[in-house]
>>> print(open('run.txt').read())   # compact mmCIF, C-alpha atoms
# COMPACT_ATOMS: atom_id res chain seq x y z
CA MET A 52 90.27 181.51 112.21
CA ARG A 53 89.26 178.09 113.55
CA GLN A 54 88.32 177.80 117.15
CA ARG A 55 90.23 175.08 118.95
CA LYS A 56 88.18 172.25 120.30
CA ARG A 57 88.32 172.01 124.05
CA PHE A 58 88.97 168.59 125.53
CA ASP A 59 87.35 167.41 128.70
CA TRP A 60 90.51 166.03 130.26
CA GLN A 61 88.70 164.95 133.36
CA ALA A 62 86.31 162.76 131.31
CA ILE A 63 89.20 161.36 129.24
CA HIS A 64 91.16 160.41 132.37
CA ALA A 65 88.09 158.79 133.87
CA ALA A 66 87.53 156.74 130.68
CA LEU A 67 91.18 155.65 130.59
CA ASP A 68 91.04 154.62 134.24
CA ARG A 69 87.95 152.52 133.54
CA ARG A 70 89.60 150.84 130.56
CA LEU A 71 92.88 150.21 132.37
CA SER A 72 90.97 148.80 135.30
CA GLY A 73 89.15 146.38 133.00
CA LEU A 74 92.34 145.55 131.12
CA GLY A 75 94.19 144.76 134.32
CA SER A 76 91.43 142.44 135.38
CA THR A 77 91.44 140.70 131.97
CA ILE A 78 95.23 140.20 131.99
CA GLU A 79 95.07 138.74 135.48
CA ASP A 80 92.26 136.40 134.48
CA ASP A 81 94.13 135.31 131.32
CA ALA A 82 97.34 134.67 133.27
CA GLU A 83 95.47 132.40 135.65
CA ALA A 84 93.77 130.64 132.73
CA VAL A 85 97.13 130.15 131.01
CA ARG A 86 98.65 128.66 134.19
CA ASP A 87 95.66 126.35 134.53
CA LEU A 88 95.90 125.28 130.88
CA LEU A 89 99.64 124.60 131.14
CA ARG A 90 99.08 122.59 134.32
CA LYS A 91 96.44 120.45 132.59
CA ARG A 92 98.67 119.90 129.56
CA SER A 93 101.59 118.84 131.75
CA ILE A 94 99.39 116.30 133.52
CA ALA A 95 98.04 115.00 130.21
CA LEU A 96 101.53 114.65 128.69
CA ALA A 97 102.86 112.88 131.77
CA ALA A 98 99.96 110.43 131.63
CA THR A 99 100.27 109.75 127.90
CA VAL A 100 101.08 106.10 127.14
CA ARG A 101 103.38 105.98 124.18
CA ASP A 102 102.61 103.59 121.34
CA PRO A 103 105.09 100.72 121.88
CA ARG A 104 105.51 100.37 118.12
CA ALA A 105 107.00 103.88 118.01
CA GLN A 106 109.74 102.77 120.42
CA ASN A 107 110.69 99.68 118.45
CA GLN A 108 113.15 100.03 115.62
CA LEU A 109 111.92 98.79 112.28
CA THR A 110 113.98 96.08 110.59
CA ARG A 111 114.56 95.89 106.84
CA LEU A 112 113.81 92.52 105.28
CA LEU A 113 114.55 91.17 101.82
CA VAL A 114 111.45 89.36 100.55
CA PHE A 115 111.85 86.47 98.11
CA ARG A 116 109.68 83.71 96.70
CA LEU A 117 109.93 79.92 96.63
CA GLY A 118 107.08 78.51 94.58
CA GLU A 119 103.91 80.20 95.80
CA GLU A 120 105.29 80.99 99.26
CA ARG A 121 106.92 84.28 100.29
CA TYR A 122 109.85 84.38 102.68
CA ALA A 123 112.09 87.09 104.10
CA LEU A 124 115.59 87.44 105.44
CA ALA A 125 117.12 90.39 107.32
CA LEU A 126 118.61 92.67 104.68
CA ASP A 127 121.79 93.02 106.76
CA CYS A 128 122.45 89.31 106.16
CA ALA A 129 122.42 89.71 102.37
CA ARG A 130 125.60 90.75 100.62
CA GLU A 131 124.38 90.63 97.03
CA VAL A 132 121.70 89.20 94.75
CA THR A 133 122.94 87.61 91.55
CA GLY A 134 121.84 85.18 88.86
CA LEU A 135 122.27 81.41 89.02
CA SER A 136 124.32 80.27 86.06
CA TRP A 137 126.80 77.41 85.83
CA SER A 138 127.48 75.35 88.96
CA ALA A 139 129.60 72.29 89.72
CA ALA A 140 127.85 69.53 91.65
CA ILE A 141 129.31 68.41 94.96
CA PRO A 142 129.61 64.58 94.99
CA GLY A 143 127.33 63.05 97.58
CA ALA A 144 125.49 66.31 98.28
CA GLY A 145 121.80 66.12 99.09
CA PRO A 146 119.00 68.06 97.35
CA GLY A 147 119.61 71.06 99.64
CA ILE A 148 122.88 71.88 97.86
CA VAL A 149 122.87 73.19 94.28
CA GLY A 150 126.65 73.10 93.96
CA ILE A 151 129.70 75.34 93.76
CA VAL A 152 129.67 78.50 91.64
CA ASN A 153 132.27 81.07 90.71
CA TRP A 154 131.29 84.29 92.48
CA ARG A 155 133.59 87.29 91.97
CA GLY A 156 136.58 85.00 91.48
CA GLU A 157 135.82 82.92 94.57
CA PHE A 158 134.16 79.55 94.97
CA ALA A 159 130.77 79.90 96.65
CA VAL A 160 128.52 77.10 97.86
CA VAL A 161 124.90 77.60 96.77
CA PHE A 162 122.10 75.99 98.77
CA ASP A 163 118.59 75.36 97.50
CA LEU A 164 116.23 76.65 100.20
CA ALA A 165 113.20 74.87 98.76
CA PRO A 166 114.08 71.28 99.83
CA ILE A 167 115.59 72.57 103.09
CA LEU A 168 112.18 74.06 103.91
CA GLY A 169 110.32 70.97 102.71
CA LEU A 170 109.23 72.42 99.34
CA PRO A 171 109.68 70.92 95.88
CA ALA A 172 112.75 72.18 94.04
CA SER A 173 112.19 74.63 91.20
CA ALA A 174 112.53 73.26 87.68
CA ASP A 175 113.22 76.69 86.13
CA ARG A 176 116.90 77.02 86.99
CA ALA A 177 117.62 79.79 84.46
CA GLN A 178 115.28 82.28 86.16
CA ARG A 179 116.44 81.60 89.71
CA ARG A 180 118.34 84.14 91.82
CA VAL A 181 121.07 83.66 94.41
CA ILE A 182 121.19 85.67 97.63
CA VAL A 183 124.84 85.74 98.69
CA LEU A 184 125.04 85.86 102.48
CA ARG A 185 127.23 88.26 104.38
CA GLY A 186 129.91 87.05 106.80
CA GLU A 187 130.44 83.53 105.47
CA GLU A 188 133.81 82.13 104.43
CA PRO A 189 133.84 80.54 101.92
CA PRO A 190 130.90 82.56 100.50
CA VAL A 191 127.47 80.98 100.76
CA GLY A 192 124.44 81.65 98.57
CA LEU A 193 120.74 80.78 98.76
CA ALA A 194 118.99 79.83 95.51
CA VAL A 195 115.45 81.25 95.37
CA ASP A 196 112.83 81.55 92.64
CA ALA A 197 112.58 85.35 92.70
CA VAL A 198 113.59 88.34 94.81
CA GLU A 199 110.61 90.65 95.21
CA GLU A 200 111.12 93.67 97.47
CA ILE A 201 112.51 95.21 100.64
CA ILE A 202 110.05 95.82 103.47
CA HIS A 203 110.30 97.48 106.90
CA ILE A 204 108.69 95.65 109.83
CA ASP A 205 108.70 95.55 113.60
CA LEU A 206 109.96 92.09 114.55
CA THR A 207 108.02 92.21 117.84
CA ALA A 208 104.78 92.34 115.83
CA LEU A 209 105.39 89.01 114.06
CA THR A 210 103.07 86.07 114.55
CA ALA A 211 104.86 83.67 116.91
CA ARG A 212 106.64 80.84 115.12
CA GLU A 213 104.84 78.31 117.33
CA GLN A 214 101.65 79.26 115.48
CA LEU A 215 103.12 78.55 112.04
CA ARG A 216 102.10 75.48 110.08
CA SER A 217 105.53 74.20 109.17
CA LYS A 218 107.49 71.11 110.08
CA HIS A 219 110.63 73.28 110.04
CA VAL A 220 109.26 75.88 112.47
CA GLU A 221 112.67 76.24 114.15
CA LEU A 222 113.99 77.96 111.02
CA PHE A 223 111.60 80.92 111.40
CA ARG A 224 111.23 83.96 113.61
CA GLY A 225 107.55 84.24 112.75
CA ALA A 226 105.28 85.64 110.05
CA THR A 227 104.18 89.14 109.03
CA ALA A 228 100.54 90.19 108.86
CA ASP A 229 100.52 89.44 105.11
CA ALA A 230 101.93 85.91 105.59
CA VAL A 231 105.59 86.51 104.76
CA LEU A 232 107.61 83.89 106.68
CA VAL A 233 110.66 85.49 108.29
CA LEU A 234 113.72 83.27 108.57
CA ALA A 235 115.81 83.05 111.75
CA GLU A 236 119.31 83.73 110.44
CA ASP A 237 121.33 81.94 113.13
CA THR A 238 119.26 78.76 112.92
CA LEU A 239 119.36 78.86 109.13
CA ARG A 240 123.15 79.19 109.06
CA ALA A 241 123.48 76.25 111.46
CA ARG A 242 121.21 74.18 109.19
CA LEU A 243 123.29 75.08 106.11
CA ALA A 244 126.44 74.00 107.93
CA GLN A 245 124.78 70.65 108.71
CA GLU A 246 123.82 70.20 105.05
CA LEU A 247 127.37 70.89 103.94
CA LYS A 248 128.89 68.62 106.56
CA ALA A 249 126.59 65.78 105.50
CA ALA A 250 127.66 66.10 101.85
>>> encode(input="run.txt", output="structure tokens")
Amino acid sequence: MRQRKRFDWQAIHAALDRRLSGLGSTIEDDAEAVRDLLRKRSIALAATVRDPRAQNQLTRLLVFRLGEERYALALDCAREVTGLSWSAAIPGAGPGIVGIVNWRGEFAVVFDLAPILGLPASADRAQRRVIVLRGEEPPVGLAVDAVEEIIHIDLTALTAREQLRSKHVELFRGATADAVLVLAEDTLRARLAQELKAA
């Protein structure tokens, strides 16, 4: 028959007391360290300067080409992109007006942005595209050489239009870092109305 092992309860209790004493001290120290860490983090977060670009809403732009130059228009202003086929000339219209086209059963006036911006008109009419603008009655379209892509930019990060080398600087908001010239929609619409009135 096995003899039961005798425990030294007094030694066990003494060891537990020592461990609990040390544990209590460690917990207290950790709690103070945690409070100190949280205090430091709160101060750091309160002092953090947010990146202003994160607060600005990005704007979607439709990028198109006229000759070798790239331009952009707010995507919200564009209703549709279509081909440039047959058009009827408007008697007495200047080079800034291509003519009248049939767009979805309506007559739409198509403007050639190239001469309006001081560029030579494109000779390749068959490959040109028309950006039909939103909110115009009768419908209005802009003839461009090609539509390239949609980009997202912060308008506050544009190069100021006063720094642009253009004799029609009033028609722009500014330029992106990769030299895309962003059109000012309100000024552009006013200029189109002038072109049509002069026809």
>>> atom_distance(input="run.txt", atom1="CA of Leu209 (chain A)", atom2="CA of Ala244 (chain A)")
26.6 Å
>>> closest_residue(input="run.txt", among="A:Glu83, A:Glu213, A:Asp237, A:Asp175", to="Val195 (chain A)", atoms="only C-alpha atoms")
A:Asp175
>>> closest_residue(input="run.txt", among="A:Val132, A:Ala172, A:Ile151, A:Ile204", to="Leu109 (chain A)", atoms="only C-alpha atoms")
A:Ile204
>>> residues_around(input="run.txt", residues="region 156-159 of chain A", least_positions_apart="2", cutoff="6 Å", atoms="all atoms listed in the file", output="list in words")
Ile151, Val152, Asn153, Trp154, Pro190 and Val191 of chain A
>>> atom_distance(input="run.txt", atom1="CA of Asp196 (chain A)", atom2="CA of Ala211 (chain A)")
25.6 Å
>>> closest_atom_pairs(input="run.txt", of="region 160-203 of chain A", to="region 137-148 of chain A", cutoff="6 Å", atoms="all atoms listed in the file", output="CSV")
residue,atom,partner,partner_atom,distance
A:Phe162,CA,A:Ile148,CA,4.3
A:Asp163,CA,A:Gly147,CA,4.9
A:Pro166,CA,A:Gly147,CA,5.5
A:Ile167,CA,A:Gly147,CA,5.5
>>> atom_distance(input="run.txt", atom1="CA of Ala125 (chain A)", atom2="CA of Ala177 (chain A)")
25.2 Å
>>> residues_around(input="run.txt", residues="Leu232 (chain A)", least_positions_apart="4", cutoff="8 Å", atoms="only C-alpha atoms", output="ChimeraX atom specification")
/A:121-123,223-227
>>> axis_aligned_box(input="run.txt", around="region 155-168 of chain A", padding_each_side="3 Å", output="AutoDock Vina command-line options")
--center_x 124.4 --center_y 79.3 --center_z 97.7 --size_x 30.4 --size_y 22.0 --size_z 18.4
>>> closest_residue(input="run.txt", among="A:Ala62, A:Val161, A:Val231, A:Leu168", to="Ile202 (chain A)", atoms="only C-alpha atoms")
A:Val231
>>> residues_around(input="run.txt", residues="Val181 (chain A)", least_positions_apart="4", cutoff="7 Å", atoms="only C-alpha atoms", output="number ranges by chain")
A: 132-135, 192-195
>>> write_last_selection(input="run.txt", atoms="C-alpha atoms", output="short mmCIF file (atom, residue, chain, number, x, y, z; two decimals), keeping the file's coordinate frame")
data_model
loop_
_atom_site.label_atom_id
_atom_site.label_comp_id
_atom_site.auth_asym_id
_atom_site.auth_seq_id
_atom_site.Cartn_x
_atom_site.Cartn_y
_atom_site.Cartn_z
CA VAL A 132 121.70 89.20 94.75
CA THR A 133 122.94 87.61 91.55
CA GLY A 134 121.84 85.18 88.86
CA LEU A 135 122.27 81.41 89.02
CA GLY A 192 124.44 81.65 98.57
CA LEU A 193 120.74 80.78 98.76
CA ALA A 194 118.99 79.83 95.51
CA VAL A 195 115.45 81.25 95.37
#
>>> closest_residue(input="run.txt", among="A:Gln61, A:Thr210, A:Ser173, A:Thr238", to="Gly118 (chain A)", atoms="all atoms listed in the file")
A:Ser173
>>> closest_residue(input="run.txt", among="A:Arg86, A:Gly150, A:Ala230, A:Glu119", to="Pro171 (chain A)", atoms="only C-alpha atoms")
A:Glu119
>>> closest_residue(input="run.txt", among="A:Ile201, A:Leu113, A:Cys128, A:Ile94", to="Leu239 (chain A)", atoms="all atoms listed in the file")
A:Cys128
